[in-house]
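Note sheet for the following structure.
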Number of protein chains: 2
Amino acid sequence: MYRRQTRPQRYKLLLAYDGSAYAGWQVQPNQRTVQGELEAALRHLAGAPVKLHGSGRTDRGVHAIGQIAHCDLPFILPAANLRRALNAILPANIRIRQARMAAADFHARRDAVGKEYRYYIWNGEVISPFLRLYRTHVRQLLNLRAMRRAAALLVGRRDFAAFTANPNRKVASTRRRLRLLTVSRQGPEIVIRAQSDGFLYKMVRSLAGFLIRVGEGAVPPEETRRILRSRTRTARVPSAPPQGLFLWRVWYPAPTRATVRRSS
Amino acid sequence: MYRRQTRPQRYKLLLAYDGSAYAGWQVQPNQRTVQGELEAALRHLAGAPVKLHGSGRTDRGVHAIGQIAHCDLPFILPAANLRRALNAILPANIRIRQARMAAADFHARRDAVGKEYRYYIWNGEVISPFLRLYRTHVRQLLNLRAMRRAAALLVGRRDFAAFTANPNRKVASTRRRLRLLTVSRQGPEIVIRAQSDGFLYKMVRSLAGFLIRVGEGAVPPEETRRILRSRTRTARVPSAPPQGLFLWRVWYPAPTRATVRRSS
């Protein structure tokens with residue numbers, strides 16, 4: 001079924017997980033984490049410790065539909081078999097959607113050129129019991145027009161210092177390019193889509209928390225420019241709860257011919 | 001907010017619940033049940049035991065989108081307030097979607113004239129981790145055409161003795177009118193809809209289990225007539241697992257003028 005080889009083979013994994021039961025992505029002592037479950041499954045398969053690299057961390061309670069990770073395994077296994085073997089070991093709240101052999105220098109975090117997150121709100125009196133762990137419940141009818149006006153003022157290359165949770169973190173710059181920020185409604189559900197080449201810590205939950213405040217009428221959308229300019233986080237920008245947030249997609253550049261050659 | 005009154009007021013409740021954590025609808029000693037949780041919440045509100053009558057039982061692990069129940073309360077409370085008060089007490093996996101005052105002789109079980117159940121199948125290699133408790137996972141690609149041929153042979157007024165789990169149960173007759181039985185696919189999801197004026201015990205799960213066997217090619221659809229005629233349950237009619245099943249809707253006759261008058 002597989003053959004041992006001297007040089008390890010790199011694999012790229014497309015993952016979905018229900019973050020409800022996890023203390024986030026990253027391995028932490030005495031905590032159940034998504035990375036921890038995946039590394040345990042990989043270790044079981046490889047018979048030796050395997051380090052898994054995600055495209056980025058997700059916080060406690062945050063979900064993923066399209067997380068990407070890579071790892072090296074000491075054997076070559078057809079991708080579909082690797083997927084099946086891992087899914088048979090993993091708990092049902094983590095699924096490998098796809099496994100692929102990757103070039104030896106592919107890196108899930110460093111090579112990522114963009115991400116999309118989606119934030120889901122249940123905006124109605126009674127939330128569906130089937131979505132209670134996957135939506136943030138806001139009873140008050142939100143003003144979508146106001147939310148969209150504010151969202152339009154946030155799109156572009158800007159300093160998002162006012163929209164990150166911990167400005168003391170050492171980041172070279174708080175400037176980011178927000179490529180897309182849309183708000184749409186379908187029945188009682190509102191979805192906020194956010195795309196960027198890179199997000200700051202808790203940036204999407206801050207954007208969602210701010211847009212909810214705007215939708216409630218607590219902050220006028222015209223305040224958006226002033227908040228951006230202030231570069232200071234205030235109560236007008238709360239962090240929306242984690243259970244509404246999904247890491248939706250991670251983009252990578254199309255592999256070059258050289259990369260493909262190296263992988264074979 | 002409400003006034004006590006000498007004669008109790010009857011209420012009709014529209015309920016949704018995630019059955020995953022419950023030993024079914026009906027109160028049982030030392031078990032968490034949906035009826036048990038609802039009666040505890042009603043008791044809390046009324047300050048005295050309240051008996052809740054459902055349109056019918058659902059088994060362990062079965063869900064509901066549109067269960068109907070009735071109860072009598074010793075006060076008149078605007079329906080929206082009753083809903084809000086109950087939802088504030090109930091666990092998040094049970095929701096009152098709607099509460100209404102009902103005529104004093106309305107009976108959720110006896111007055112029901114029909115029901116719809118839906119059975120959901122995830123028919124693909126990797127099931128979404130967000131639907132793991134709400135879908136039955138069938139990896140093998142099912143043959144929808146065969147399933148539909150078998151379904152068409154089941155619709156109508158027939159003896160469903162071969163499609164009920166416990167033929168020793170004392171039921172006056174195993175004849176039922178199956179008004180609708182359809183199979184449709186959307187992406188990796190298959191839904192079986194079943195409508196009847198009355199279902200036998202485990203009848204929907206037996207129909208779903210049989211249709212899955214037909215879809216897998218294990219039973220030819222032409223066998224359907226012979227199985228009906230046999231009036232005997234065999235391995236060709238397994239019970240499909242509970243987590244794919246949803247009580248979708250319960251029908252009642254439109255209230256007559258007399259009934260409406262009595263309720264005011």
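Each chain in the structure tokens gets a letter, A, B and so on, in the order shown; residues start at 1 in every chain, and ligands are counted from 1 in the order they appear.
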
Long-range neighbours of region 68-79 of chain A as an mmCIF file with all heavy atoms, in the first residue's frame, 9 Å cut-off, only C-alpha atoms, 6 positions minimum in chain:
```cif
data_model
loop_
_atom_site.group_PDB
_atom_site.id
_atom_site.type_symbol
_atom_site.label_atom_id
_atom_site.label_comp_id
_atom_site.auth_asym_id
_atom_site.auth_seq_id
_atom_site.Cartn_x
_atom_site.Cartn_y
_atom_site.Cartn_z
ATOM 1 N N MET A 1 0.834 -1.210 0.000
ATOM 2 C CA MET A 1 0.000 0.000 0.000
ATOM 3 C C MET A 1 0.861 1.249 0.000
ATOM 4 O O MET A 1 0.543 2.222 -0.630
ATOM 5 C CB MET A 1 -0.897 -0.018 1.235
ATOM 6 C CG MET A 1 -1.874 1.116 1.253
ATOM 7 S SD MET A 1 -3.383 0.602 2.076
ATOM 8 C CE MET A 1 -4.021 2.185 2.608
ATOM 9 N N TYR A 2 1.991 1.250 0.745
ATOM 10 C CA TYR A 2 2.888 2.399 0.652
ATOM 11 C C TYR A 2 4.313 1.917 0.770
ATOM 12 O O TYR A 2 4.578 0.800 1.238
ATOM 13 C CB TYR A 2 2.578 3.461 1.705
ATOM 14 C CG TYR A 2 2.771 3.014 3.135
ATOM 15 C CD1 TYR A 2 4.055 3.022 3.712
ATOM 16 C CD2 TYR A 2 1.704 2.610 3.911
ATOM 17 C CE1 TYR A 2 4.240 2.625 5.014
ATOM 18 C CE2 TYR A 2 1.898 2.211 5.223
ATOM 19 C CZ TYR A 2 3.156 2.205 5.765
ATOM 20 O OH TYR A 2 3.342 1.819 7.057
ATOM 21 N N ARG A 3 5.248 2.757 0.349
ATOM 22 C CA ARG A 3 6.638 2.343 0.495
ATOM 23 C C ARG A 3 7.391 3.374 1.323
ATOM 24 O O ARG A 3 7.192 4.569 1.199
ATOM 25 C CB ARG A 3 7.294 2.132 -0.879
ATOM 26 C CG ARG A 3 7.204 3.306 -1.818
ATOM 27 C CD ARG A 3 7.692 2.912 -3.219
ATOM 28 N NE ARG A 3 7.360 3.951 -4.189
ATOM 29 C CZ ARG A 3 8.130 5.012 -4.438
ATOM 30 N NH1 ARG A 3 9.254 5.192 -3.771
ATOM 31 N NH2 ARG A 3 7.754 5.914 -5.327
ATOM 32 N N ARG A 4 8.254 2.844 2.211
ATOM 33 C CA ARG A 4 9.150 3.697 2.991
ATOM 34 C C ARG A 4 10.121 4.355 2.033
ATOM 35 O O ARG A 4 10.461 3.802 0.999
ATOM 36 C CB ARG A 4 9.956 2.863 4.003
ATOM 37 C CG ARG A 4 9.133 2.288 5.118
ATOM 38 C CD ARG A 4 9.227 3.123 6.383
ATOM 39 N NE ARG A 4 8.051 2.833 7.207
ATOM 40 C CZ ARG A 4 7.612 3.624 8.174
ATOM 41 N NH1 ARG A 4 8.228 4.756 8.451
ATOM 42 N NH2 ARG A 4 6.555 3.313 8.855
ATOM 43 N N GLN A 5 10.583 5.538 2.374
ATOM 44 C CA GLN A 5 11.618 6.145 1.556
ATOM 45 C C GLN A 5 12.515 6.974 2.445
ATOM 46 O O GLN A 5 12.158 7.341 3.553
ATOM 47 C CB GLN A 5 11.005 6.966 0.434
ATOM 48 C CG GLN A 5 10.058 8.058 0.910
ATOM 49 C CD GLN A 5 9.689 8.960 -0.234
ATOM 50 O OE1 GLN A 5 9.610 8.520 -1.367
ATOM 51 N NE2 GLN A 5 9.502 10.230 0.064
ATOM 52 N N THR A 6 13.684 7.256 1.917
ATOM 53 C CA THR A 6 14.677 7.932 2.748
ATOM 54 C C THR A 6 14.303 9.387 2.972
ATOM 55 O O THR A 6 14.356 9.873 4.091
ATOM 56 C CB THR A 6 16.071 7.835 2.099
ATOM 57 O OG1 THR A 6 15.910 8.120 0.699
ATOM 58 C CG2 THR A 6 16.632 6.439 2.272
ATOM 59 N N ARG A 7 13.868 10.067 1.891
ATOM 60 C CA ARG A 7 13.486 11.465 2.080
ATOM 61 C C ARG A 7 11.993 11.551 2.358
ATOM 62 O O ARG A 7 11.197 10.863 1.708
ATOM 63 C CB ARG A 7 13.842 12.279 0.827
ATOM 64 C CG ARG A 7 15.304 12.753 0.904
ATOM 65 C CD ARG A 7 15.553 13.839 -0.087
ATOM 66 N NE ARG A 7 15.288 13.366 -1.437
ATOM 67 C CZ ARG A 7 15.384 14.147 -2.506
ATOM 68 N NH1 ARG A 7 15.689 15.412 -2.378
ATOM 69 N NH2 ARG A 7 15.148 13.657 -3.706
ATOM 70 N N PRO A 8 11.569 12.374 3.322
ATOM 71 C CA PRO A 8 10.133 12.456 3.618
ATOM 72 C C PRO A 8 9.365 13.112 2.480
ATOM 73 O O PRO A 8 9.936 13.869 1.683
ATOM 74 C CB PRO A 8 10.084 13.318 4.874
ATOM 75 C CG PRO A 8 11.345 14.114 4.867
ATOM 76 C CD PRO A 8 12.373 13.275 4.161
ATOM 77 N N GLN A 9 8.096 12.795 2.408
ATOM 78 C CA GLN A 9 7.200 13.397 1.418
ATOM 79 C C GLN A 9 6.343 14.448 2.119
ATOM 80 O O GLN A 9 5.786 14.182 3.183
ATOM 81 C CB GLN A 9 6.308 12.302 0.808
ATOM 82 C CG GLN A 9 5.196 12.812 -0.085
ATOM 83 C CD GLN A 9 5.717 13.533 -1.319
ATOM 84 O OE1 GLN A 9 6.631 13.056 -1.995
ATOM 85 N NE2 GLN A 9 5.163 14.713 -1.605
ATOM 86 N N ARG A 10 6.241 15.632 1.501
ATOM 87 C CA ARG A 10 5.391 16.685 2.074
ATOM 88 C C ARG A 10 3.959 16.542 1.556
ATOM 89 O O ARG A 10 3.737 16.257 0.369
ATOM 90 C CB ARG A 10 5.953 18.060 1.716
ATOM 91 C CG ARG A 10 5.188 19.213 2.366
ATOM 92 C CD ARG A 10 6.056 20.421 2.581
ATOM 93 N NE ARG A 10 7.072 20.168 3.596
ATOM 94 C CZ ARG A 10 7.867 21.122 4.111
ATOM 95 N NH1 ARG A 10 7.758 22.376 3.696
ATOM 96 N NH2 ARG A 10 8.757 20.828 5.022
ATOM 97 N N TYR A 11 2.988 16.721 2.453
ATOM 98 C CA TYR A 11 1.566 16.661 2.086
ATOM 99 C C TYR A 11 0.876 17.967 2.452
ATOM 100 O O TYR A 11 1.220 18.605 3.455
ATOM 101 C CB TYR A 11 0.862 15.502 2.809
ATOM 102 C CG TYR A 11 1.320 14.140 2.349
ATOM 103 C CD1 TYR A 11 2.401 13.507 2.945
ATOM 104 C CD2 TYR A 11 0.671 13.497 1.299
ATOM 105 C CE1 TYR A 11 2.832 12.270 2.505
ATOM 106 C CE2 TYR A 11 1.090 12.247 0.860
ATOM 107 C CZ TYR A 11 2.174 11.646 1.464
ATOM 108 O OH TYR A 11 2.594 10.417 1.031
ATOM 109 N N LYS A 12 -0.091 18.337 1.642
ATOM 110 C CA LYS A 12 -0.917 19.529 1.897
ATOM 111 C C LYS A 12 -2.321 19.030 2.228
ATOM 112 O O LYS A 12 -2.876 18.208 1.491
ATOM 113 C CB LYS A 12 -0.951 20.387 0.630
ATOM 114 C CG LYS A 12 -1.808 21.645 0.716
ATOM 115 C CD LYS A 12 -1.804 22.354 -0.656
ATOM 116 C CE LYS A 12 -2.746 23.541 -0.670
ATOM 117 N NZ LYS A 12 -2.841 24.142 -2.030
ATOM 118 N N LEU A 13 -2.867 19.491 3.348
ATOM 119 C CA LEU A 13 -4.185 19.020 3.790
ATOM 120 C C LEU A 13 -5.196 20.165 3.777
ATOM 121 O O LEU A 13 -4.880 21.276 4.211
ATOM 122 C CB LEU A 13 -4.092 18.454 5.216
ATOM 123 C CG LEU A 13 -3.066 17.347 5.464
ATOM 124 C CD1 LEU A 13 -3.014 16.989 6.950
ATOM 125 C CD2 LEU A 13 -3.404 16.108 4.618
ATOM 126 N N LEU A 14 -6.399 19.875 3.279
ATOM 127 C CA LEU A 14 -7.522 20.818 3.352
ATOM 128 C C LEU A 14 -8.445 20.305 4.449
ATOM 129 O O LEU A 14 -8.923 19.170 4.386
ATOM 130 C CB LEU A 14 -8.250 20.860 2.001
ATOM 131 C CG LEU A 14 -9.578 21.614 1.942
ATOM 132 C CD1 LEU A 14 -9.398 23.104 2.211
ATOM 133 C CD2 LEU A 14 -10.252 21.396 0.575
ATOM 134 N N LEU A 15 -8.688 21.143 5.456
ATOM 135 C CA LEU A 15 -9.376 20.699 6.671
ATOM 136 C C LEU A 15 -10.657 21.474 6.955
ATOM 137 O O LEU A 15 -10.723 22.680 6.720
ATOM 138 C CB LEU A 15 -8.483 20.954 7.891
ATOM 139 C CG LEU A 15 -7.088 20.391 7.892
ATOM 140 C CD1 LEU A 15 -6.254 21.112 8.928
ATOM 141 C CD2 LEU A 15 -7.183 18.919 8.207
ATOM 142 N N LEU A 42 -1.610 11.809 13.029
ATOM 143 C CA LEU A 42 -0.461 11.645 12.132
ATOM 144 C C LEU A 42 0.614 10.767 12.788
ATOM 145 O O LEU A 42 1.218 9.911 12.133
ATOM 146 C CB LEU A 42 0.125 13.012 11.773
ATOM 147 C CG LEU A 42 -0.716 13.841 10.791
ATOM 148 C CD1 LEU A 42 -0.315 15.309 10.839
ATOM 149 C CD2 LEU A 42 -0.586 13.290 9.363
ATOM 150 N N ALA A 46 2.212 7.457 11.319
ATOM 151 C CA ALA A 46 3.625 7.430 10.928
ATOM 152 C C ALA A 46 4.475 6.621 11.910
ATOM 153 O O ALA A 46 5.606 6.248 11.585
ATOM 154 C CB ALA A 46 4.158 8.857 10.827
ATOM 155 N N VAL A 50 4.978 13.769 14.284
ATOM 156 C CA VAL A 50 4.890 14.528 13.032
ATOM 157 C C VAL A 50 4.478 15.944 13.396
ATOM 158 O O VAL A 50 3.537 16.142 14.154
ATOM 159 C CB VAL A 50 3.833 13.914 12.075
ATOM 160 C CG1 VAL A 50 3.677 14.772 10.819
ATOM 161 C CG2 VAL A 50 4.201 12.484 11.706
ATOM 162 N N LYS A 51 5.196 16.928 12.870
ATOM 163 C CA LYS A 51 4.846 18.327 13.134
ATOM 164 C C LYS A 51 3.928 18.807 12.010
ATOM 165 O O LYS A 51 4.220 18.617 10.833
ATOM 166 C CB LYS A 51 6.142 19.151 13.182
ATOM 167 C CG LYS A 51 5.969 20.648 13.250
ATOM 168 C CD LYS A 51 5.628 21.117 14.657
ATOM 169 C CE LYS A 51 5.346 22.626 14.651
ATOM 170 N NZ LYS A 51 4.385 22.990 15.701
ATOM 171 N N LEU A 52 2.794 19.405 12.403
ATOM 172 C CA LEU A 52 1.845 19.919 11.419
ATOM 173 C C LEU A 52 1.882 21.447 11.437
ATOM 174 O O LEU A 52 1.842 22.053 12.513
ATOM 175 C CB LEU A 52 0.428 19.430 11.777
ATOM 176 C CG LEU A 52 -0.672 19.798 10.795
ATOM 177 C CD1 LEU A 52 -0.557 18.978 9.518
ATOM 178 C CD2 LEU A 52 -2.050 19.580 11.426
ATOM 179 N N HIS A 53 1.940 22.052 10.255
ATOM 180 C CA HIS A 53 1.987 23.512 10.156
ATOM 181 C C HIS A 53 0.701 24.018 9.527
ATOM 182 O O HIS A 53 0.407 23.689 8.379
ATOM 183 C CB HIS A 53 3.174 23.949 9.286
ATOM 184 C CG HIS A 53 4.501 23.479 9.807
ATOM 185 N ND1 HIS A 53 5.340 24.293 10.539
ATOM 186 C CD2 HIS A 53 5.119 22.277 9.728
ATOM 187 C CE1 HIS A 53 6.415 23.604 10.887
ATOM 188 N NE2 HIS A 53 6.314 22.382 10.396
ATOM 189 N N GLY A 54 -0.052 24.835 10.260
ATOM 190 C CA GLY A 54 -1.280 25.401 9.708
ATOM 191 C C GLY A 54 -1.006 26.722 9.006
ATOM 192 O O GLY A 54 0.041 27.338 9.212
ATOM 193 N N SER A 55 -1.984 27.174 8.197
ATOM 194 C CA SER A 55 -1.846 28.462 7.512
ATOM 195 C C SER A 55 -1.887 29.597 8.526
ATOM 196 O O SER A 55 -1.464 30.712 8.250
ATOM 197 C CB SER A 55 -2.978 28.656 6.512
ATOM 198 O OG SER A 55 -4.193 28.915 7.195
ATOM 199 N N GLY A 56 -2.417 29.306 9.709
ATOM 200 C CA GLY A 56 -2.524 30.298 10.774
ATOM 201 C C GLY A 56 -3.343 29.680 11.884
ATOM 202 O O GLY A 56 -3.929 28.612 11.712
ATOM 203 N N GLN A 98 -9.442 17.051 1.873
ATOM 204 C CA GLN A 98 -8.595 16.697 0.743
ATOM 205 C C GLN A 98 -7.155 16.579 1.237
ATOM 206 O O GLN A 98 -6.744 17.334 2.111
ATOM 207 C CB GLN A 98 -8.675 17.819 -0.296
ATOM 208 C CG GLN A 98 -8.331 17.427 -1.694
ATOM 209 C CD GLN A 98 -8.579 18.606 -2.629
ATOM 210 O OE1 GLN A 98 -7.841 19.567 -2.615
ATOM 211 N NE2 GLN A 98 -9.642 18.522 -3.419
ATOM 212 N N ALA A 99 -6.414 15.615 0.665
ATOM 213 C CA ALA A 99 -4.978 15.502 0.938
ATOM 214 C C ALA A 99 -4.277 15.465 -0.410
ATOM 215 O O ALA A 99 -4.803 14.882 -1.359
ATOM 216 C CB ALA A 99 -4.691 14.225 1.731
ATOM 217 N N ARG A 100 -3.128 16.132 -0.486
ATOM 218 C CA ARG A 100 -2.369 16.150 -1.741
ATOM 219 C C ARG A 100 -0.893 16.087 -1.442
ATOM 220 O O ARG A 100 -0.438 16.690 -0.475
ATOM 221 C CB ARG A 100 -2.598 17.478 -2.474
ATOM 222 C CG ARG A 100 -3.842 17.522 -3.265
ATOM 223 C CD ARG A 100 -3.796 18.761 -4.132
ATOM 224 N NE ARG A 100 -5.108 18.955 -4.725
ATOM 225 C CZ ARG A 100 -5.414 19.921 -5.561
ATOM 226 N NH1 ARG A 100 -4.489 20.807 -5.898
ATOM 227 N NH2 ARG A 100 -6.608 20.017 -6.061
ATOM 228 N N MET A 101 -0.131 15.435 -2.317
ATOM 229 C CA MET A 101 1.322 15.549 -2.212
ATOM 230 C C MET A 101 1.686 16.970 -2.614
ATOM 231 O O MET A 101 1.098 17.544 -3.532
ATOM 232 C CB MET A 101 1.986 14.557 -3.160
ATOM 233 C CG MET A 101 1.738 13.119 -2.707
ATOM 234 S SD MET A 101 2.797 11.970 -3.584
ATOM 235 C CE MET A 101 1.779 10.490 -3.468
ATOM 236 N N ALA A 102 2.663 17.527 -1.914
ATOM 237 C CA ALA A 102 3.074 18.905 -2.200
ATOM 238 C C ALA A 102 4.573 18.944 -2.451
ATOM 239 O O ALA A 102 5.300 17.999 -2.113
ATOM 240 C CB ALA A 102 2.706 19.802 -1.027
ATOM 241 N N ALA A 104 8.408 19.904 -1.853
ATOM 242 C CA ALA A 104 9.152 19.819 -0.584
ATOM 243 C C ALA A 104 9.280 21.177 0.086
ATOM 244 O O ALA A 104 9.494 21.259 1.303
ATOM 245 C CB ALA A 104 10.538 19.221 -0.841
ATOM 246 N N PHE A 106 6.834 23.618 -0.096
ATOM 247 C CA PHE A 106 5.524 24.254 0.142
ATOM 248 C C PHE A 106 5.361 24.532 1.636
ATOM 249 O O PHE A 106 5.634 23.667 2.472
ATOM 250 C CB PHE A 106 4.382 23.354 -0.350
ATOM 251 C CG PHE A 106 3.029 23.833 0.133
ATOM 252 C CD1 PHE A 106 2.428 24.941 -0.457
ATOM 253 C CD2 PHE A 106 2.386 23.226 1.207
ATOM 254 C CE1 PHE A 106 1.203 25.419 -0.003
ATOM 255 C CE2 PHE A 106 1.156 23.693 1.663
ATOM 256 C CZ PHE A 106 0.570 24.787 1.057
ATOM 257 N N HIS A 107 4.889 25.716 1.978
ATOM 258 C CA HIS A 107 4.699 26.060 3.398
ATOM 259 C C HIS A 107 3.327 26.709 3.583
ATOM 260 O O HIS A 107 3.040 27.760 3.022
ATOM 261 C CB HIS A 107 5.809 27.003 3.869
ATOM 262 C CG HIS A 107 5.894 27.070 5.363
ATOM 263 N ND1 HIS A 107 4.974 27.737 6.138
ATOM 264 C CD2 HIS A 107 6.790 26.509 6.237
ATOM 265 C CE1 HIS A 107 5.300 27.610 7.414
ATOM 266 N NE2 HIS A 107 6.397 26.867 7.506
ATOM 267 N N ALA A 108 2.478 26.049 4.388
ATOM 268 C CA ALA A 108 1.072 26.457 4.524
ATOM 269 C C ALA A 108 0.931 27.900 5.015
ATOM 270 O O ALA A 108 0.030 28.624 4.589
ATOM 271 C CB ALA A 108 0.338 25.504 5.464
ATOM 272 N N ARG A 109 1.816 28.335 5.920
ATOM 273 C CA ARG A 109 1.694 29.702 6.443
ATOM 274 C C ARG A 109 2.441 30.705 5.570
ATOM 275 O O ARG A 109 1.860 31.697 5.131
ATOM 276 C CB ARG A 109 2.231 29.756 7.887
ATOM 277 C CG ARG A 109 2.113 31.148 8.529
ATOM 278 C CD ARG A 109 2.468 31.134 10.014
ATOM 279 N NE ARG A 109 3.709 30.417 10.289
ATOM 280 C CZ ARG A 109 4.944 30.879 10.034
ATOM 281 N NH1 ARG A 109 5.101 32.089 9.529
ATOM 282 N NH2 ARG A 109 5.997 30.139 10.289
ATOM 283 N N ARG A 249 -11.376 30.069 3.485
ATOM 284 C CA ARG A 249 -10.513 29.683 2.378
ATOM 285 C C ARG A 249 -9.137 30.320 2.529
ATOM 286 O O ARG A 249 -9.031 31.416 3.079
ATOM 287 C CB ARG A 249 -11.152 30.174 1.072
ATOM 288 C CG ARG A 249 -10.656 29.401 -0.127
ATOM 289 C CD ARG A 249 -11.331 29.812 -1.404
ATOM 290 N NE ARG A 249 -10.417 29.548 -2.501
ATOM 291 C CZ ARG A 249 -10.669 29.771 -3.767
ATOM 292 N NH1 ARG A 249 -11.830 30.281 -4.126
ATOM 293 N NH2 ARG A 249 -9.778 29.504 -4.706
ATOM 294 N N VAL A 250 -8.118 29.623 2.065
ATOM 295 C CA VAL A 250 -6.755 30.157 2.042
ATOM 296 C C VAL A 250 -6.268 30.057 0.609
ATOM 297 O O VAL A 250 -6.457 29.028 -0.039
ATOM 298 C CB VAL A 250 -5.809 29.356 2.968
ATOM 299 C CG1 VAL A 250 -4.440 30.029 3.053
ATOM 300 C CG2 VAL A 250 -6.408 29.180 4.365
#
```

Give me the chain B side of the contact with chain A, cut-off 7 Å, one line per residue showing its nearest atom pair and distance in Å at one decimal, counting only C-alpha atoms, sorted by chain and residue number, as a tab-separated table.
```
residue	atom	partner	partner_atom	distance
B:Ala16	CA	A:Pro129	CA	6.8
B:Tyr17	CA	A:Pro129	CA	6.0
B:Asp18	CA	A:Pro129	CA	6.0
B:Ala92	CA	A:Pro129	CA	6.2
B:Asn93	CA	A:Pro129	CA	4.8
B:Ile94	CA	A:Pro129	CA	6.1
B:Arg95	CA	A:Pro129	CA	6.3
B:Arg97	CA	A:Val126	CA	6.3
B:Val126	CA	A:Arg97	CA	6.3
B:Pro129	CA	A:Asn93	CA	4.8
B:Phe130	CA	A:Asp18	CA	6.1
B:Arg132	CA	A:Ala92	CA	7.0
```

- Pick out the closest residue to Asn123 (chain A) from this set: A:Pro49, A:Pro188, A:Gly217, A:Pro29. Count only C-alpha atoms.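 Selected residue with least distance to Asn123 (chain A): A:Pro188.
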
- Item | Atom-to-atom span, CA of Glu189 (chain B) and CA of Leu211 (chain B), Å |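 Atom-to-atom, CA of Glu189 (chain B) to CA of Leu211 (chain B), that is 14.7 Å.
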
- Record the distance separating CA of Leu245 (chain A) and CA of His137 (chain B), expressed in Å with one decimal.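 Taking CA of Leu245 (chain A) and CA of His137 (chain B), their separation equals 25.5 Å.
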
- Please return as a PyMOL selection string: the residues of region 1-248 of chain A that backbone DSSP assigns to strand (DSSP E or B). chain A and resi 3-17+53-54+63-76+94-102+114-122+136-137+156-159+175-186+189-196+245-248

- What is the CA of Val237 (chain B) to CA of Phe163 (chain B) distance in Å?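 Those two atoms sit 6.8 Å apart.
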
- Using backbone DSSP assignments, extract all helix (DSSP H, G or I) residues from region 9-191 of chain B; output them as a ChimeraX atom specification. /B:19-21,34-46,79-89,144-154,161-163

- Using only C-alpha atoms, pick whichever of A:Ala162, A:Leu86, A:Ala208, A:Ala172 has the shortest atom-to-atom distance to Arg229 (chain A). A:Ala162

- Excluding Ser206 (chain A) and residues on its chain fewer than 6 positions from it, collect all residues at most 10 Å away from it, counting only C-alpha atoms, and give them as a ChimeraX atom specification. /A:160,162-165,200,212,233,236-241
